$ cat protein27.tsv   # TSV, C-alpha atoms
chain	number	residue	atom	x	y	z
A	1	MET	CA	175.85	7.18	175.58
A	2	TYR	CA	177.99	6.26	178.57
A	3	PRO	CA	180.02	3.06	178.65
A	4	ALA	CA	178.80	0.37	181.03
A	5	PRO	CA	180.71	0.44	184.31
A	6	GLU	CA	183.06	-2.39	185.18
A	7	ILE	CA	181.59	-4.28	188.15
A	8	ARG	CA	183.29	-6.79	190.40
A	9	GLN	CA	182.51	-8.73	193.53
A	10	ALA	CA	183.69	-6.86	196.61
A	11	GLY	CA	185.85	-8.47	199.25
A	12	ARG	CA	186.94	-7.57	202.77
A	13	ALA	CA	189.34	-4.91	201.49
A	14	ASP	CA	186.43	-3.16	199.73
A	15	ILE	CA	184.11	-2.83	202.72
A	16	GLY	CA	185.09	0.80	203.34
A	17	SER	CA	184.50	1.73	199.70
A	18	VAL	CA	181.11	0.00	199.68
A	19	ALA	CA	180.20	1.80	202.91
A	20	ASP	CA	181.24	5.17	201.43
A	21	VAL	CA	179.13	4.67	198.29
A	22	LEU	CA	176.05	3.53	200.21
A	23	THR	CA	176.40	6.30	202.79
A	24	ASP	CA	176.30	8.84	199.97
A	25	ALA	CA	173.44	7.03	198.22
A	26	PHE	CA	171.28	6.83	201.35
A	27	ALA	CA	172.29	10.18	202.90
A	28	GLU	CA	168.74	11.51	202.60
A	29	ASP	CA	166.87	8.23	202.88
A	30	PRO	CA	163.69	8.83	204.92
A	31	VAL	CA	163.94	5.62	206.92
A	32	LEU	CA	167.61	5.98	207.86
A	33	SER	CA	167.03	9.69	208.58
A	34	TRP	CA	164.20	8.71	210.93
A	35	MET	CA	166.49	6.33	212.83
A	36	LEU	CA	169.59	8.54	212.58
A	37	PRO	CA	168.31	12.12	212.16
A	38	PRO	CA	170.52	14.59	210.25
A	39	THR	CA	170.68	16.75	213.40
A	40	LEU	CA	172.25	13.89	215.36
A	41	HIS	CA	175.88	14.45	216.29
A	42	GLY	CA	178.01	12.14	214.14
A	43	GLN	CA	175.05	11.11	212.00
A	44	ARG	CA	177.06	10.57	208.81
A	45	LYS	CA	179.77	8.61	210.65
A	46	ARG	CA	177.12	6.39	212.25
A	47	MET	CA	175.38	5.85	208.92
A	48	ARG	CA	178.71	4.82	207.38
A	49	ARG	CA	179.18	2.33	210.23
A	50	VAL	CA	175.73	0.85	209.48
A	51	TRP	CA	176.76	0.24	205.88
A	52	ALA	CA	180.22	-1.04	206.82
A	53	GLU	CA	178.74	-3.54	209.31
A	54	THR	CA	176.13	-4.64	206.78
A	55	ALA	CA	178.63	-5.02	203.94
A	56	LYS	CA	181.01	-6.91	206.24
A	57	ARG	CA	178.31	-9.39	207.23
A	58	TYR	CA	177.27	-9.97	203.62
A	59	VAL	CA	180.89	-10.43	202.48
A	60	GLU	CA	181.52	-12.88	205.33
A	61	ARG	CA	178.46	-14.90	204.28
A	62	GLY	CA	179.66	-15.04	200.66
A	63	GLN	CA	176.72	-12.99	199.47
A	64	GLY	CA	176.64	-10.68	196.47
A	65	VAL	CA	178.43	-7.48	197.43
A	66	TYR	CA	179.48	-5.66	194.27
A	67	LEU	CA	181.45	-2.51	193.56
A	68	THR	CA	182.14	-0.63	190.36
A	69	GLU	CA	185.82	-0.45	189.43
A	70	ASP	CA	185.75	3.35	189.70
A	71	GLY	CA	184.19	3.15	193.18
A	72	THR	CA	181.06	5.13	192.30
A	73	GLY	CA	178.50	2.36	192.67
A	74	ALA	CA	177.84	-0.54	195.01
A	75	THR	CA	175.14	-3.10	195.70
A	76	ILE	CA	174.42	-5.67	198.35
A	77	TRP	CA	172.48	-8.75	197.27
A	78	ALA	CA	171.38	-11.84	199.17
A	79	LYS	CA	171.37	-15.10	197.24
A	80	PRO	CA	168.09	-17.02	196.90
A	81	GLY	CA	167.03	-18.58	200.18
A	82	SER	CA	169.61	-16.72	202.26
A	83	TRP	CA	168.19	-13.21	202.76
A	84	ALA	CA	167.14	-13.77	206.40
A	85	PRO	CA	169.87	-13.48	209.03
A	86	THR	CA	170.38	-16.47	211.30
A	87	PRO	CA	169.79	-16.06	215.05
A	88	ARG	CA	173.57	-16.16	215.53
A	89	GLU	CA	173.99	-13.31	213.00
A	90	GLU	CA	171.29	-11.30	214.74
A	91	ILE	CA	173.09	-11.69	218.07
A	92	ALA	CA	176.47	-10.83	216.49
A	93	LYS	CA	175.17	-7.53	215.10
A	94	LEU	CA	173.43	-6.52	218.33
A	95	LEU	CA	176.39	-4.82	220.02
A	96	PRO	CA	177.72	-2.98	216.94
A	97	PHE	CA	174.22	-1.75	216.08
A	98	LEU	CA	173.54	-0.77	219.69
A	99	LEU	CA	176.69	1.38	219.60
A	100	ILE	CA	175.63	2.92	216.28
A	101	PHE	CA	171.94	3.55	216.97
A	102	ARG	CA	172.15	4.09	220.75
A	103	THR	CA	168.80	5.56	221.83
A	104	SER	CA	167.32	4.82	218.39
A	105	ILE	CA	168.00	1.09	218.74
A	106	VAL	CA	164.33	0.44	219.52
A	107	LYS	CA	163.28	2.16	216.27
A	108	ALA	CA	165.91	0.25	214.30
A	109	THR	CA	164.95	-3.09	215.85
A	110	ARG	CA	161.24	-2.56	215.25
A	111	PHE	CA	161.88	-1.57	211.66
A	112	SER	CA	164.09	-4.62	211.05
A	113	THR	CA	161.53	-6.92	212.65
A	114	GLU	CA	158.75	-5.46	210.46
A	115	ILE	CA	160.79	-5.89	207.29
A	116	LEU	CA	161.76	-9.46	208.15
A	117	GLY	CA	158.17	-10.33	209.05
A	118	LYS	CA	156.76	-9.04	205.77
A	119	HIS	CA	159.45	-10.38	203.47
A	120	PRO	CA	158.11	-13.14	201.19
A	121	LYS	CA	159.55	-16.54	202.01
A	122	SER	CA	158.77	-18.05	198.64
A	123	PRO	CA	159.53	-18.36	195.89
A	124	LYS	CA	163.25	-18.26	196.56
A	125	HIS	CA	164.66	-15.10	195.05
A	126	TRP	CA	167.62	-12.77	194.89
A	127	TYR	CA	167.11	-9.94	197.39
A	128	LEU	CA	168.51	-6.49	196.70
A	129	TYR	CA	169.35	-5.19	200.17
A	130	ALA	CA	170.89	-1.94	198.92

$ encode --input "protein27.tsv" --output "C-alpha cells"
Amino acid sequence: MYPAPEIRQAGRADIGSVADVLTDAFAEDPVLSWMLPPTLHGQRKRMRRVWAETAKRYVERGQGVYLTEDGTGATIWAKPGSWAPTPREEIAKLLPFLLIFRTSIVKATRFSTEILGKHPKSPKHWYLYA
C-alpha cells in the first residue's frame, strides 16, 4: 500500500507547478483536444497556458487550489456558491484566452457557456473544476 500524499494549498508561486500537472493530466482530454487539437502548432504550450490562467484566477479568488508536496498531483476546487465567474472575471480572461485559443475561441466560448448554463445553482456545493 502506498502512503497518502502530502497535500497543501497552492499559492501564486505554485501556479506553474499546478499548470504542469494539469497539462499532463489533460493531455489527451477529448474536449481540450477538440478546442486545441494535438496537430496544432504549440498545442501543449497553449494547453499549459489555459491551466496557468485558470489556476491563477482561482488562487486570486482564494479558491481551493491544491498541490501534492511532490508535485505529482493538483486540483482546482471552487467553494460553495462561488463556482460561477463574475462578469468582471469573464472580461479579464477574454484577452488571455483569445491569445491562447485564437481561431478556436468560438468553440471555447460556446463550450464554457454551455457548461455554465447547465451547472446546478443549488444546493450550494464544492465544485471540482479539475

$ closest_residue --input "protein27.tsv" --among "A:Arg46, A:Pro38, A:Val31, A:Arg12" --to "Leu98 (chain A)" --atoms "only C-alpha atoms"
A:Arg46

$ atom_distance --input "protein27.tsv" --atom1 "CA of Arg48 (chain A)" --atom2 "CA of Thr23 (chain A)"
5.3 Å

$ residues_around --input "protein27.tsv" --residues "Asp70 (chain A)" --least-positions-apart "6" --cutoff "9 Å" --atoms "all atoms listed in the file" --output "ChimeraX atom specification"
/A:5-7

$ closest_residue --input "protein27.tsv" --among "A:Met35, A:Ala19, A:Met1, A:Ala55" --to "Ser104 (chain A)" --atoms "only C-alpha atoms"
A:Met35

$ closest_residue --input "protein27.tsv" --among "A:Val21, A:Val65, A:Val59, A:Ile100" --to "Gln43 (chain A)" --atoms "all atoms listed in the file"
A:Ile100

$ residues_around --input "protein27.tsv" --residues "Trp77 (chain A)" --least-positions-apart "4" --cutoff "9 Å" --atoms "all atoms listed in the file" --output "ChimeraX atom specification"
/A:58,63-66,83,126-130

$ atom_distance --input "protein27.tsv" --atom1 "CA of Lys124 (chain A)" --atom2 "CA of Pro80 (chain A)"
5.0 Å

$ residues_near_point --input "protein27.tsv" --point "(164.4, 9.3, 214.7)" --cutoff "10 Å" --atoms "all atoms listed in the file" --output "PDB file with C-alpha atoms, keeping the file's coordinate frame"
ATOM      1  CA  PRO A  30     163.690   8.830 204.920  1.00  0.00           C
ATOM      2  CA  VAL A  31     163.940   5.620 206.920  1.00  0.00           C
ATOM      3  CA  LEU A  32     167.610   5.980 207.860  1.00  0.00           C
ATOM      4  CA  SER A  33     167.030   9.690 208.580  1.00  0.00           C
ATOM      5  CA  TRP A  34     164.200   8.710 210.930  1.00  0.00           C
ATOM      6  CA  MET A  35     166.490   6.330 212.830  1.00  0.00           C
ATOM      7  CA  LEU A  36     169.590   8.540 212.580  1.00  0.00           C
ATOM      8  CA  PRO A  37     168.310  12.120 212.160  1.00  0.00           C
ATOM      9  CA  PRO A  38     170.520  14.590 210.250  1.00  0.00           C
ATOM     10  CA  THR A  39     170.680  16.750 213.400  1.00  0.00           C
ATOM     11  CA  LEU A  40     172.250  13.890 215.360  1.00  0.00           C
ATOM     12  CA  PHE A 101     171.940   3.550 216.970  1.00  0.00           C
ATOM     13  CA  THR A 103     168.800   5.560 221.830  1.00  0.00           C
ATOM     14  CA  SER A 104     167.320   4.820 218.390  1.00  0.00           C
ATOM     15  CA  ILE A 105     168.000   1.090 218.740  1.00  0.00           C
ATOM     16  CA  LYS A 107     163.280   2.160 216.270  1.00  0.00           C
ATOM     17  CA  ALA A 108     165.910   0.250 214.300  1.00  0.00           C
TER      18      ALA A 108
END

$ atom_distance --input "protein27.tsv" --atom1 "CA of Gly16 (chain A)" --atom2 "CA of His125 (chain A)"
27.2 Å

$ closest_residue --input "protein27.tsv" --among "A:Lys79, A:Arg102, A:Lys121, A:Lys93" --to "Lys56 (chain A)" --atoms "all atoms listed in the file"
A:Lys93

$ closest_residue --input "protein27.tsv" --among "A:Glu69, A:Gly81, A:Trp51, A:Arg44" --to "Ala10 (chain A)" --atoms "all atoms listed in the file"
A:Glu69

$ closest_residue --input "protein27.tsv" --among "A:Leu116, A:Leu67, A:Ala78, A:Ala92" --to "Leu22 (chain A)" --atoms "only C-alpha atoms"
A:Leu67

$ axis_aligned_box --input "protein27.tsv" --around "region 89-100 of chain A" --padding-each-side "5 Å" --output "JSON"
{"center_x": 174.5, "center_y": -5.2, "center_z": 216.5, "size_x": 16.4, "size_y": 26.2, "size_z": 17.0}

$ residues_around --input "protein27.tsv" --residues "Glu90 (chain A)" --least-positions-apart "5" --cutoff "12 Å" --atoms "all atoms listed in the file" --output "JSON, numbers by chain"
{"A": [54, 57, 84, 85, 95, 96, 97, 98, 109, 112, 113, 116]}
